[in-house]
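Contents: one structure, followed by commentary.
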Amino acid sequence: MMSETLPEPLLVSLGEDQDESRSLERREQLESLTVRIVQVFIAAGLFGLWEWGARAGHISTFLFGSPSQVWSLAVTRFQNGSLLYGAYVTGLETIIGFLLGSILGTAIGLGLWYSRFVARVMGVFILALGSVPVLALGPLIIIWFGVGIESKIILATVSCVIVALLQAYEGAQQVDKDLIKLLKSFGATKFQIFTKVVIPSSYGWVVAAAKLNVGFALIGAVIGEYISSEAGLGNIILIAGANYNIPLVLLGIFSLMILAFALSLVVGLLEKYLLKWRTATNR
């Protein structure tokens, strides 16, 4: 039906654009696949050299372990459930702390947009709290909240809240001032401007903070497990290091890397979903 109403040159142009878009998408998919293959080969090569050096005696297995030792420990601890339980505890602490810190920090950061005076008053205190390393707060939080999972969640939350706050506040400040003046001239209330302009405009800043906070939340949880804990990947690494069990230390480190990658992947998928949702709502 459309082909009967549109001029032929325009149809040709639309067809060329669609072909170019599909070609670009195929090239991007091929490039992504190539990158993944190269990454796998690099990782396999490094592990292969490591294993060869350990078996040939060029690398001390006491100091550096070997991939086969780490794999053997991984299978054993996966079967008895200790590795999965440790990953579960650390993952739970990280996820809850990430959510609490991101939501709390974003809410405060966007809320400061309402009052320039309050933002200026609180600025010095926010920067002061943000300059304190989480490690320094760890002993106090452990004493106040105990050695259970609660203290690790608080540490993960504290690790996230400042980054989320600063990013959200900066995003709110970057809103087009002329657009705000225009909306005010049409009689828009401050709440309407906040919900219809400030929050959507800060989306990119909030997402950027969320990507950073995945790592910060994991760091906060592991620091808490280092200081005092009964379970978790940090606890496994701490005990293994005290016993000079290098393969188990490496297993804990690799497990943390996998956990961080998985959480970052979830945040990336959530970002794509929210982007589609925001695009659909703006139509």
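Residues in the structure tokens are numbered from 1 in each chain, the chains being A, B, ... in the order shown, and ligands are numbered from 1 in the order shown.
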Next on the checklist: Just want the 10 Å neighbourhood of Val70 in chain A, counted on only C-alpha atoms, with same-chain residues fewer than 6 positions away dropped. Output as a VMD selection string.
Outcome noted: chain A and resid 76 246 to 252 254
Can you tell me, as a PDB file with all heavy atoms, in the first residue's frame, what residues are no more than 8 Å from range 219-230 of chain A when counting only C-alpha atoms, ignoring any on the same chain fewer than 4 positions away?
ATOM      1  N   THR A  90      28.275 -13.505  49.461  1.00  0.00           N
ATOM      2  CA  THR A  90      28.880 -12.272  48.952  1.00  0.00           C
ATOM      3  C   THR A  90      27.985 -11.605  47.918  1.00  0.00           C
ATOM      4  O   THR A  90      27.842 -10.374  47.904  1.00  0.00           O
ATOM      5  CB  THR A  90      30.253 -12.575  48.326  1.00  0.00           C
ATOM      6  OG1 THR A  90      31.087 -13.201  49.295  1.00  0.00           O
ATOM      7  CG2 THR A  90      30.928 -11.296  47.848  1.00  0.00           C
ATOM      8  N   GLU A  93      25.027  -9.890  49.746  1.00  0.00           N
ATOM      9  CA  GLU A  93      25.487  -8.652  50.386  1.00  0.00           C
ATOM     10  C   GLU A  93      25.686  -7.554  49.351  1.00  0.00           C
ATOM     11  O   GLU A  93      25.298  -6.394  49.564  1.00  0.00           O
ATOM     12  CB  GLU A  93      26.802  -8.908  51.126  1.00  0.00           C
ATOM     13  CG  GLU A  93      26.697  -9.873  52.283  1.00  0.00           C
ATOM     14  CD  GLU A  93      28.044 -10.394  52.731  1.00  0.00           C
ATOM     15  OE1 GLU A  93      29.056 -10.130  52.039  1.00  0.00           O
ATOM     16  OE2 GLU A  93      28.094 -11.080  53.771  1.00  0.00           O
ATOM     17  N   THR A  94      26.292  -7.926  48.217  1.00  0.00           N
ATOM     18  CA  THR A  94      26.577  -6.950  47.168  1.00  0.00           C
ATOM     19  C   THR A  94      25.303  -6.407  46.536  1.00  0.00           C
ATOM     20  O   THR A  94      25.157  -5.194  46.352  1.00  0.00           O
ATOM     21  CB  THR A  94      27.466  -7.588  46.085  1.00  0.00           C
ATOM     22  OG1 THR A  94      28.675  -8.073  46.676  1.00  0.00           O
ATOM     23  CG2 THR A  94      27.803  -6.583  45.005  1.00  0.00           C
ATOM     24  N   VAL A 134      36.222   3.343  52.788  1.00  0.00           N
ATOM     25  CA  VAL A 134      35.305   2.386  53.409  1.00  0.00           C
ATOM     26  C   VAL A 134      36.047   1.510  54.412  1.00  0.00           C
ATOM     27  O   VAL A 134      35.492   1.118  55.445  1.00  0.00           O
ATOM     28  CB  VAL A 134      34.633   1.517  52.328  1.00  0.00           C
ATOM     29  CG1 VAL A 134      33.718   0.473  52.955  1.00  0.00           C
ATOM     30  CG2 VAL A 134      33.849   2.385  51.373  1.00  0.00           C
ATOM     31  N   LEU A 135      37.300   1.217  54.119  1.00  0.00           N
ATOM     32  CA  LEU A 135      38.103   0.389  55.026  1.00  0.00           C
ATOM     33  C   LEU A 135      38.205   1.022  56.406  1.00  0.00           C
ATOM     34  O   LEU A 135      38.231   0.321  57.421  1.00  0.00           O
ATOM     35  CB  LEU A 135      39.499   0.171  54.434  1.00  0.00           C
ATOM     36  CG  LEU A 135      40.451  -0.726  55.226  1.00  0.00           C
ATOM     37  CD1 LEU A 135      39.867  -2.126  55.363  1.00  0.00           C
ATOM     38  CD2 LEU A 135      41.810  -0.780  54.558  1.00  0.00           C
ATOM     39  N   GLY A 138      35.006   0.406  58.277  1.00  0.00           N
ATOM     40  CA  GLY A 138      34.703  -1.000  58.500  1.00  0.00           C
ATOM     41  C   GLY A 138      34.666  -1.428  59.954  1.00  0.00           C
ATOM     42  O   GLY A 138      33.664  -2.029  60.406  1.00  0.00           O
ATOM     43  N   PRO A 139      35.716  -1.161  60.737  1.00  0.00           N
ATOM     44  CA  PRO A 139      35.695  -1.595  62.138  1.00  0.00           C
ATOM     45  C   PRO A 139      34.522  -1.027  62.928  1.00  0.00           C
ATOM     46  O   PRO A 139      33.912  -1.740  63.736  1.00  0.00           O
ATOM     47  CB  PRO A 139      37.032  -1.071  62.679  1.00  0.00           C
ATOM     48  CG  PRO A 139      37.912  -0.987  61.480  1.00  0.00           C
ATOM     49  CD  PRO A 139      37.011  -0.585  60.355  1.00  0.00           C
ATOM     50  N   ILE A 142      31.324  -2.828  61.847  1.00  0.00           N
ATOM     51  CA  ILE A 142      31.319  -4.196  62.378  1.00  0.00           C
ATOM     52  C   ILE A 142      30.938  -4.180  63.860  1.00  0.00           C
ATOM     53  O   ILE A 142      30.156  -5.012  64.339  1.00  0.00           O
ATOM     54  CB  ILE A 142      32.696  -4.863  62.185  1.00  0.00           C
ATOM     55  CG1 ILE A 142      33.022  -5.034  60.690  1.00  0.00           C
ATOM     56  CG2 ILE A 142      32.735  -6.215  62.889  1.00  0.00           C
ATOM     57  CD1 ILE A 142      32.130  -5.993  59.959  1.00  0.00           C
ATOM     58  N   VAL A 147      28.986  -9.097  63.316  1.00  0.00           N
ATOM     59  CA  VAL A 147      29.776  -9.781  62.297  1.00  0.00           C
ATOM     60  C   VAL A 147      28.904 -10.483  61.264  1.00  0.00           C
ATOM     61  O   VAL A 147      29.423 -11.146  60.360  1.00  0.00           O
ATOM     62  CB  VAL A 147      30.729 -10.813  62.954  1.00  0.00           C
ATOM     63  CG1 VAL A 147      31.704 -10.131  63.884  1.00  0.00           C
ATOM     64  CG2 VAL A 147      29.936 -11.884  63.697  1.00  0.00           C
ATOM     65  N   GLY A 148      27.601 -10.360  61.377  1.00  0.00           N
ATOM     66  CA  GLY A 148      26.699 -11.012  60.437  1.00  0.00           C
ATOM     67  C   GLY A 148      26.612 -10.289  59.110  1.00  0.00           C
ATOM     68  O   GLY A 148      27.377  -9.362  58.804  1.00  0.00           O
ATOM     69  N   SER A 151      26.235  -6.055  58.649  1.00  0.00           N
ATOM     70  CA  SER A 151      27.349  -5.104  58.570  1.00  0.00           C
ATOM     71  C   SER A 151      27.947  -5.062  57.170  1.00  0.00           C
ATOM     72  O   SER A 151      28.380  -4.006  56.696  1.00  0.00           O
ATOM     73  CB  SER A 151      28.432  -5.481  59.587  1.00  0.00           C
ATOM     74  OG  SER A 151      28.895  -6.806  59.375  1.00  0.00           O
ATOM     75  N   LYS A 152      27.974  -6.175  56.468  1.00  0.00           N
ATOM     76  CA  LYS A 152      28.513  -6.213  55.101  1.00  0.00           C
ATOM     77  C   LYS A 152      27.590  -5.449  54.156  1.00  0.00           C
ATOM     78  O   LYS A 152      28.056  -4.769  53.241  1.00  0.00           O
ATOM     79  CB  LYS A 152      28.674  -7.659  54.630  1.00  0.00           C
ATOM     80  CG  LYS A 152      29.264  -8.625  55.641  1.00  0.00           C
ATOM     81  CD  LYS A 152      30.544  -8.138  56.252  1.00  0.00           C
ATOM     82  CE  LYS A 152      31.098  -9.152  57.248  1.00  0.00           C
ATOM     83  NZ  LYS A 152      30.210  -9.450  58.392  1.00  0.00           N
ATOM     84  N   ILE A 153      26.286  -5.573  54.382  1.00  0.00           N
ATOM     85  CA  ILE A 153      25.327  -4.828  53.559  1.00  0.00           C
ATOM     86  C   ILE A 153      25.492  -3.325  53.781  1.00  0.00           C
ATOM     87  O   ILE A 153      25.452  -2.537  52.828  1.00  0.00           O
ATOM     88  CB  ILE A 153      23.890  -5.286  53.875  1.00  0.00           C
ATOM     89  CG1 ILE A 153      23.676  -6.718  53.394  1.00  0.00           C
ATOM     90  CG2 ILE A 153      22.874  -4.352  53.233  1.00  0.00           C
ATOM     91  CD1 ILE A 153      22.336  -7.300  53.788  1.00  0.00           C
ATOM     92  N   LEU A 155      28.225  -1.758  54.703  1.00  0.00           N
ATOM     93  CA  LEU A 155      29.474  -1.342  54.059  1.00  0.00           C
ATOM     94  C   LEU A 155      29.296  -1.227  52.542  1.00  0.00           C
ATOM     95  O   LEU A 155      29.797  -0.290  51.920  1.00  0.00           O
ATOM     96  CB  LEU A 155      30.588  -2.331  54.387  1.00  0.00           C
ATOM     97  CG  LEU A 155      31.281  -2.143  55.739  1.00  0.00           C
ATOM     98  CD1 LEU A 155      32.174  -3.335  56.068  1.00  0.00           C
ATOM     99  CD2 LEU A 155      32.103  -0.859  55.737  1.00  0.00           C
ATOM    100  N   ALA A 156      28.588  -2.182  51.951  1.00  0.00           N
ATOM    101  CA  ALA A 156      28.331  -2.121  50.514  1.00  0.00           C
ATOM    102  C   ALA A 156      27.464  -0.910  50.175  1.00  0.00           C
ATOM    103  O   ALA A 156      27.682  -0.243  49.159  1.00  0.00           O
ATOM    104  CB  ALA A 156      27.657  -3.411  50.049  1.00  0.00           C
ATOM    105  N   THR A 157      26.493  -0.610  51.037  1.00  0.00           N
ATOM    106  CA  THR A 157      25.625   0.545  50.825  1.00  0.00           C
ATOM    107  C   THR A 157      26.413   1.846  50.894  1.00  0.00           C
ATOM    108  O   THR A 157      26.266   2.727  50.034  1.00  0.00           O
ATOM    109  CB  THR A 157      24.497   0.564  51.875  1.00  0.00           C
ATOM    110  OG1 THR A 157      23.737  -0.638  51.787  1.00  0.00           O
ATOM    111  CG2 THR A 157      23.579   1.760  51.662  1.00  0.00           C
ATOM    112  N   VAL A 158      27.251   1.970  51.929  1.00  0.00           N
ATOM    113  CA  VAL A 158      28.069   3.180  52.086  1.00  0.00           C
ATOM    114  C   VAL A 158      29.009   3.355  50.893  1.00  0.00           C
ATOM    115  O   VAL A 158      29.271   4.479  50.452  1.00  0.00           O
ATOM    116  CB  VAL A 158      28.866   3.110  53.405  1.00  0.00           C
ATOM    117  CG1 VAL A 158      29.866   4.258  53.502  1.00  0.00           C
ATOM    118  CG2 VAL A 158      27.912   3.148  54.596  1.00  0.00           C
ATOM    119  N   SER A 159      29.501   2.230  50.353  1.00  0.00           N
ATOM    120  CA  SER A 159      30.411   2.310  49.209  1.00  0.00           C
ATOM    121  C   SER A 159      29.724   2.869  47.969  1.00  0.00           C
ATOM    122  O   SER A 159      30.384   3.446  47.096  1.00  0.00           O
ATOM    123  CB  SER A 159      30.970   0.913  48.890  1.00  0.00           C
ATOM    124  OG  SER A 159      31.674   0.374  49.981  1.00  0.00           O
ATOM    125  N   GLY A 215      30.905  -2.517  41.147  1.00  0.00           N
ATOM    126  CA  GLY A 215      32.240  -2.811  41.684  1.00  0.00           C
ATOM    127  C   GLY A 215      32.431  -2.290  43.090  1.00  0.00           C
ATOM    128  O   GLY A 215      33.013  -2.987  43.945  1.00  0.00           O
ATOM    129  N   GLY A 234      35.159 -13.436  50.494  1.00  0.00           N
ATOM    130  CA  GLY A 234      36.219 -12.731  51.218  1.00  0.00           C
ATOM    131  C   GLY A 234      36.732 -13.543  52.388  1.00  0.00           C
ATOM    132  O   GLY A 234      37.934 -13.573  52.673  1.00  0.00           O
ATOM    133  N   ASN A 235      35.828 -14.219  53.068  1.00  0.00           N
ATOM    134  CA  ASN A 235      36.214 -15.085  54.179  1.00  0.00           C
ATOM    135  C   ASN A 235      37.067 -16.256  53.688  1.00  0.00           C
ATOM    136  O   ASN A 235      38.057 -16.631  54.332  1.00  0.00           O
ATOM    137  CB  ASN A 235      34.954 -15.595  54.875  1.00  0.00           C
ATOM    138  CG  ASN A 235      35.245 -16.544  56.019  1.00  0.00           C
ATOM    139  OD1 ASN A 235      35.247 -17.753  55.830  1.00  0.00           O
ATOM    140  ND2 ASN A 235      35.485 -15.996  57.197  1.00  0.00           N
ATOM    141  N   LEU A 238      40.529 -14.888  52.896  1.00  0.00           N
ATOM    142  CA  LEU A 238      41.241 -14.526  54.123  1.00  0.00           C
ATOM    143  C   LEU A 238      41.810 -15.766  54.806  1.00  0.00           C
ATOM    144  O   LEU A 238      42.991 -15.794  55.185  1.00  0.00           O
ATOM    145  CB  LEU A 238      40.292 -13.790  55.065  1.00  0.00           C
ATOM    146  CG  LEU A 238      40.883 -13.313  56.398  1.00  0.00           C
ATOM    147  CD1 LEU A 238      41.949 -12.259  56.146  1.00  0.00           C
ATOM    148  CD2 LEU A 238      39.787 -12.755  57.302  1.00  0.00           C
TER     149      LEU A 238
END
Next on the checklist: When you look at Ile95 in chain A with a cut-off of 8 Å (counting only C-alpha atoms), what residues show up, excluding the ones that are within fewer than 4 positions of it in the same chain? I need them as a VMD selection string.
Outcome noted: chain A and resid 91 99 217
Determine, using only C-alpha atoms, which residues of range 140-168 of chain A have any atom at most 9 Å from an atom of range 115-126 of chain A, and tabulate each with its shortest atom pair and distance in Å to one decimal place, rows ordered by chain and then rising number, as a Markdown table.
| residue | atom | partner | partner_atom | distance |
| --- | --- | --- | --- | --- |
| A:Ile162 | CA | A:Ile126 | CA | 7.3 |
| A:Leu165 | CA | A:Ile126 | CA | 8.9 |
| A:Leu166 | CA | A:Ile126 | CA | 8.7 |
Written selection (all heavy atoms) as a PDB file, in the first residue's frame:
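The resulting out.pdb:
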ATOM      1  N   ILE A 162      27.551   7.535  47.934  1.00  0.00           N
ATOM      2  CA  ILE A 162      28.144   8.820  47.552  1.00  0.00           C
ATOM      3  C   ILE A 162      28.248   8.955  46.041  1.00  0.00           C
ATOM      4  O   ILE A 162      27.938  10.007  45.465  1.00  0.00           O
ATOM      5  CB  ILE A 162      29.526   8.988  48.211  1.00  0.00           C
ATOM      6  CG1 ILE A 162      29.396   9.010  49.736  1.00  0.00           C
ATOM      7  CG2 ILE A 162      30.190  10.262  47.725  1.00  0.00           C
ATOM      8  CD1 ILE A 162      28.550  10.144  50.266  1.00  0.00           C
ATOM      9  N   LEU A 165      24.820   9.540  44.665  1.00  0.00           N
ATOM     10  CA  LEU A 165      24.365  10.886  45.041  1.00  0.00           C
ATOM     11  C   LEU A 165      24.994  11.944  44.138  1.00  0.00           C
ATOM     12  O   LEU A 165      24.291  12.800  43.577  1.00  0.00           O
ATOM     13  CB  LEU A 165      24.708  11.143  46.504  1.00  0.00           C
ATOM     14  CG  LEU A 165      24.143  12.405  47.179  1.00  0.00           C
ATOM     15  CD1 LEU A 165      24.101  12.206  48.691  1.00  0.00           C
ATOM     16  CD2 LEU A 165      24.986  13.638  46.866  1.00  0.00           C
ATOM     17  N   LEU A 166      26.312  11.901  43.996  1.00  0.00           N
ATOM     18  CA  LEU A 166      27.003  12.921  43.219  1.00  0.00           C
ATOM     19  C   LEU A 166      26.618  12.868  41.744  1.00  0.00           C
ATOM     20  O   LEU A 166      26.425  13.905  41.101  1.00  0.00           O
ATOM     21  CB  LEU A 166      28.520  12.751  43.372  1.00  0.00           C
ATOM     22  CG  LEU A 166      29.087  13.028  44.772  1.00  0.00           C
ATOM     23  CD1 LEU A 166      30.582  12.746  44.808  1.00  0.00           C
ATOM     24  CD2 LEU A 166      28.818  14.468  45.197  1.00  0.00           C
TER      25      LEU A 166
END
Within 12 Å of range 170-175 of chain A, counting only C-alpha atoms, which residues show up once you throw out same-chain ones fewer than 6 positions away? Write them as a compact mmCIF listing (two decimals) with all heavy atoms, in the first residue's frame, please.
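Below is the file out-v8.txt, written as the result:
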# COMPACT_ATOMS: atom_id res chain seq x y z
N THR A 106 20.69 8.14 44.81
CA THR A 106 19.99 8.79 43.70
C THR A 106 18.86 9.68 44.22
O THR A 106 18.67 10.80 43.73
CB THR A 106 19.43 7.74 42.74
OG1 THR A 106 20.51 6.95 42.21
CG2 THR A 106 18.68 8.39 41.60
N ALA A 107 18.11 9.18 45.19
CA ALA A 107 17.00 9.96 45.75
C ALA A 107 17.51 11.25 46.40
O ALA A 107 16.93 12.33 46.20
CB ALA A 107 16.24 9.12 46.76
N ILE A 108 18.59 11.15 47.17
CA ILE A 108 19.13 12.35 47.82
C ILE A 108 19.70 13.31 46.78
O ILE A 108 19.48 14.53 46.84
CB ILE A 108 20.21 11.96 48.84
CG1 ILE A 108 19.61 11.13 49.97
CG2 ILE A 108 20.89 13.21 49.41
CD1 ILE A 108 20.63 10.60 50.96
N GLY A 109 20.45 12.77 45.81
CA GLY A 109 21.06 13.61 44.79
C GLY A 109 20.04 14.37 43.97
O GLY A 109 20.19 15.58 43.73
N LEU A 110 18.98 13.69 43.55
CA LEU A 110 17.93 14.37 42.80
C LEU A 110 17.13 15.31 43.71
O LEU A 110 16.70 16.39 43.27
CB LEU A 110 16.98 13.34 42.17
CG LEU A 110 17.58 12.46 41.06
CD1 LEU A 110 16.56 11.43 40.60
CD2 LEU A 110 18.05 13.31 39.89
N GLY A 111 16.94 14.90 44.97
CA GLY A 111 16.21 15.74 45.91
C GLY A 111 16.91 17.05 46.19
O GLY A 111 16.24 18.07 46.45
N LEU A 112 18.24 17.07 46.16
CA LEU A 112 18.97 18.30 46.41
C LEU A 112 18.72 19.35 45.32
O LEU A 112 19.00 20.54 45.53
CB LEU A 112 20.48 18.01 46.50
CG LEU A 112 20.95 17.27 47.75
CD1 LEU A 112 22.42 16.95 47.67
CD2 LEU A 112 20.65 18.08 49.01
N TRP A 113 18.20 18.91 44.18
CA TRP A 113 17.87 19.87 43.12
C TRP A 113 16.80 20.84 43.57
O TRP A 113 16.74 21.98 43.09
CB TRP A 113 17.41 19.10 41.89
CG TRP A 113 16.95 19.98 40.76
CD1 TRP A 113 17.73 20.55 39.80
CD2 TRP A 113 15.60 20.39 40.48
NE1 TRP A 113 16.95 21.28 38.93
CE2 TRP A 113 15.64 21.20 39.33
CE3 TRP A 113 14.37 20.14 41.09
CZ2 TRP A 113 14.50 21.77 38.78
CZ3 TRP A 113 13.23 20.71 40.55
CH2 TRP A 113 13.30 21.51 39.42
N TYR A 114 15.95 20.42 44.51
CA TYR A 114 14.85 21.25 44.96
C TYR A 114 15.33 22.52 45.66
O TYR A 114 14.68 23.56 45.59
CB TYR A 114 13.95 20.47 45.92
CG TYR A 114 12.76 19.84 45.26
CD1 TYR A 114 12.81 18.54 44.78
CD2 TYR A 114 11.58 20.56 45.10
CE1 TYR A 114 11.72 17.97 44.16
CE2 TYR A 114 10.49 19.99 44.48
CZ TYR A 114 10.56 18.70 44.00
OH TYR A 114 9.48 18.15 43.38
N SER A 115 16.46 22.42 46.36
CA SER A 115 16.90 23.57 47.14
C SER A 115 18.39 23.79 46.93
O SER A 115 19.21 22.98 47.36
CB SER A 115 16.60 23.35 48.63
OG SER A 115 17.16 24.39 49.41
N ARG A 116 18.73 24.88 46.30
CA ARG A 116 20.13 25.23 46.08
C ARG A 116 20.81 25.52 47.42
O ARG A 116 21.98 25.17 47.62
CB ARG A 116 20.22 26.44 45.17
CG ARG A 116 21.64 26.92 44.90
CD ARG A 116 21.65 28.11 43.96
NE ARG A 116 22.99 28.67 43.82
CZ ARG A 116 23.90 28.21 42.99
NH1 ARG A 116 23.62 27.18 42.21
NH2 ARG A 116 25.09 28.77 42.92
N ALA A 119 21.58 22.23 49.16
CA ALA A 119 22.66 21.58 48.44
C ALA A 119 24.01 22.19 48.80
O ALA A 119 24.99 21.48 48.99
CB ALA A 119 22.41 21.66 46.94
N VAL A 163 28.69 7.88 45.38
CA VAL A 163 28.80 7.93 43.91
C VAL A 163 27.44 8.17 43.28
O VAL A 163 27.29 9.01 42.38
CB VAL A 163 29.42 6.62 43.38
CG1 VAL A 163 29.42 6.61 41.86
CG2 VAL A 163 30.83 6.45 43.90
N ALA A 164 26.42 7.44 43.74
CA ALA A 164 25.07 7.62 43.20
C ALA A 164 24.55 9.03 43.47
O ALA A 164 23.92 9.65 42.61
CB ALA A 164 24.13 6.58 43.82
N LYS A 181 12.95 27.41 32.40
CA LYS A 181 12.32 28.73 32.37
C LYS A 181 11.08 28.72 31.47
O LYS A 181 10.05 29.34 31.79
CB LYS A 181 13.32 29.77 31.87
CG LYS A 181 14.46 30.06 32.83
CD LYS A 181 15.42 31.08 32.24
CE LYS A 181 16.58 31.36 33.19
NZ LYS A 181 17.55 32.33 32.60
N ILE A 193 8.09 19.87 36.82
CA ILE A 193 9.41 20.00 36.17
C ILE A 193 10.34 18.89 36.64
O ILE A 193 11.09 18.31 35.85
CB ILE A 193 10.01 21.38 36.48
CG1 ILE A 193 9.15 22.49 35.85
CG2 ILE A 193 11.45 21.48 35.97
CD1 ILE A 193 9.58 23.89 36.23
N PHE A 194 10.26 18.58 37.93
CA PHE A 194 11.13 17.56 38.51
C PHE A 194 10.83 16.18 37.90
O PHE A 194 11.75 15.44 37.53
CB PHE A 194 10.94 17.52 40.03
CG PHE A 194 11.78 16.49 40.72
CD1 PHE A 194 13.14 16.65 40.83
CD2 PHE A 194 11.20 15.36 41.28
CE1 PHE A 194 13.92 15.71 41.48
CE2 PHE A 194 11.96 14.42 41.93
CZ PHE A 194 13.34 14.59 42.03
N THR A 195 9.56 15.83 37.82
CA THR A 195 9.18 14.50 37.34
C THR A 195 9.24 14.37 35.82
O THR A 195 9.55 13.29 35.30
CB THR A 195 7.76 14.14 37.81
OG1 THR A 195 6.84 15.17 37.40
CG2 THR A 195 7.72 14.02 39.33
N LYS A 196 8.95 15.45 35.10
CA LYS A 196 8.87 15.37 33.64
C LYS A 196 10.18 15.73 32.94
O LYS A 196 10.40 15.33 31.80
CB LYS A 196 7.76 16.29 33.12
CG LYS A 196 6.38 15.98 33.67
CD LYS A 196 5.90 14.60 33.26
CE LYS A 196 4.49 14.35 33.74
NZ LYS A 196 4.00 12.99 33.37
N VAL A 197 11.06 16.47 33.62
CA VAL A 197 12.27 16.94 32.96
C VAL A 197 13.54 16.49 33.70
O VAL A 197 14.43 15.86 33.12
CB VAL A 197 12.27 18.48 32.83
CG1 VAL A 197 13.57 18.96 32.20
CG2 VAL A 197 11.08 18.93 32.02
N VAL A 198 13.60 16.80 35.00
CA VAL A 198 14.84 16.56 35.75
C VAL A 198 15.15 15.07 35.84
O VAL A 198 16.28 14.65 35.54
CB VAL A 198 14.73 17.18 37.17
CG1 VAL A 198 15.97 16.82 37.99
CG2 VAL A 198 14.60 18.69 37.07
N ILE A 199 14.19 14.27 36.26
CA ILE A 199 14.44 12.83 36.40
C ILE A 199 14.79 12.17 35.07
O ILE A 199 15.80 11.46 34.98
CB ILE A 199 13.24 12.14 37.08
CG1 ILE A 199 13.11 12.60 38.53
CG2 ILE A 199 13.38 10.63 37.01
CD1 ILE A 199 11.93 11.99 39.28
N PRO A 200 14.00 12.38 34.00
CA PRO A 200 14.38 11.76 32.71
C PRO A 200 15.73 12.25 32.20
O PRO A 200 16.50 11.47 31.62
CB PRO A 200 13.25 12.18 31.77
CG PRO A 200 12.09 12.44 32.66
CD PRO A 200 12.67 13.03 33.90
N SER A 201 16.05 13.53 32.40
CA SER A 201 17.32 14.06 31.92
C SER A 201 18.51 13.51 32.69
O SER A 201 19.63 13.50 32.17
CB SER A 201 17.31 15.59 32.00
OG SER A 201 16.28 16.14 31.21
N SER A 202 18.28 13.06 33.92
CA SER A 202 19.36 12.53 34.75
C SER A 202 19.57 11.04 34.55
O SER A 202 20.43 10.45 35.21
CB SER A 202 19.06 12.80 36.23
OG SER A 202 18.84 14.17 36.46
N TYR A 203 18.80 10.44 33.66
CA TYR A 203 18.84 8.99 33.49
C TYR A 203 20.25 8.49 33.18
O TYR A 203 20.74 7.53 33.77
CB TYR A 203 17.87 8.58 32.38
CG TYR A 203 18.01 7.14 31.94
CD1 TYR A 203 17.43 6.13 32.67
CD2 TYR A 203 18.73 6.82 30.78
CE1 TYR A 203 17.55 4.81 32.27
CE2 TYR A 203 18.85 5.51 30.38
CZ TYR A 203 18.27 4.50 31.13
OH TYR A 203 18.42 3.21 30.73
N GLY A 204 20.92 9.13 32.22
CA GLY A 204 22.26 8.69 31.83
C GLY A 204 23.25 8.75 32.97
O GLY A 204 24.10 7.86 33.12
N TRP A 205 23.16 9.78 33.79
CA TRP A 205 24.06 9.92 34.94
C TRP A 205 23.79 8.84 35.98
O TRP A 205 24.72 8.29 36.58
CB TRP A 205 23.88 11.31 35.55
CG TRP A 205 24.31 12.43 34.66
CD1 TRP A 205 23.58 12.99 33.65
CD2 TRP A 205 25.57 13.11 34.67
NE1 TRP A 205 24.30 14.00 33.04
CE2 TRP A 205 25.51 14.09 33.65
CE3 TRP A 205 26.71 13.01 35.45
CZ2 TRP A 205 26.57 14.94 33.38
CZ3 TRP A 205 27.77 13.86 35.18
CH2 TRP A 205 27.70 14.81 34.16
N VAL A 206 22.52 8.54 36.19
CA VAL A 206 22.15 7.51 37.18
C VAL A 206 22.64 6.14 36.73
O VAL A 206 23.16 5.36 37.53
CB VAL A 206 20.63 7.51 37.41
CG1 VAL A 206 20.21 6.32 38.28
CG2 VAL A 206 20.19 8.82 38.05
N VAL A 207 22.49 5.85 35.44
CA VAL A 207 22.94 4.56 34.91
C VAL A 207 24.46 4.45 35.00
O VAL A 207 24.99 3.38 35.34
CB VAL A 207 22.47 4.39 33.45
CG1 VAL A 207 23.12 3.16 32.82
CG2 VAL A 207 20.96 4.24 33.41
N ALA A 208 25.16 5.54 34.70
CA ALA A 208 26.62 5.52 34.81
C ALA A 208 27.05 5.25 36.25
O ALA A 208 28.01 4.50 36.49
CB ALA A 208 27.19 6.86 34.33
N ALA A 209 26.35 5.83 37.21
CA ALA A 209 26.64 5.57 38.62
C ALA A 209 26.38 4.11 38.97
O ALA A 209 27.15 3.50 39.73
CB ALA A 209 25.80 6.49 39.51
Checklist entry - So which bits of range 77-250 of chain A end up alpha helix (DSSP H) when you DSSP the backbone, as number ranges by chain? => result A: 77-80, 82-111, 116-130, 134-145, 149-173, 177-185, 190-193, 199-201, 203-227, 233-242, 246-250
Next on the checklist: Give me, as an MDAnalysis selection string, all polymer residues having an atom no more than 9 Å from Leu259 in chain A, counting only C-alpha atoms and skipping those fewer than 2 positions away in the same chain.
Outcome noted: chainID A and resid 87 90:91 218 254:257 261:264
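Here the question is which of A:Gly48, A:Gly232, A:Gly105, A:Gly65 gets nearest to Gly86 in chain A using only C-alpha atoms, and that residue is A:Gly232.
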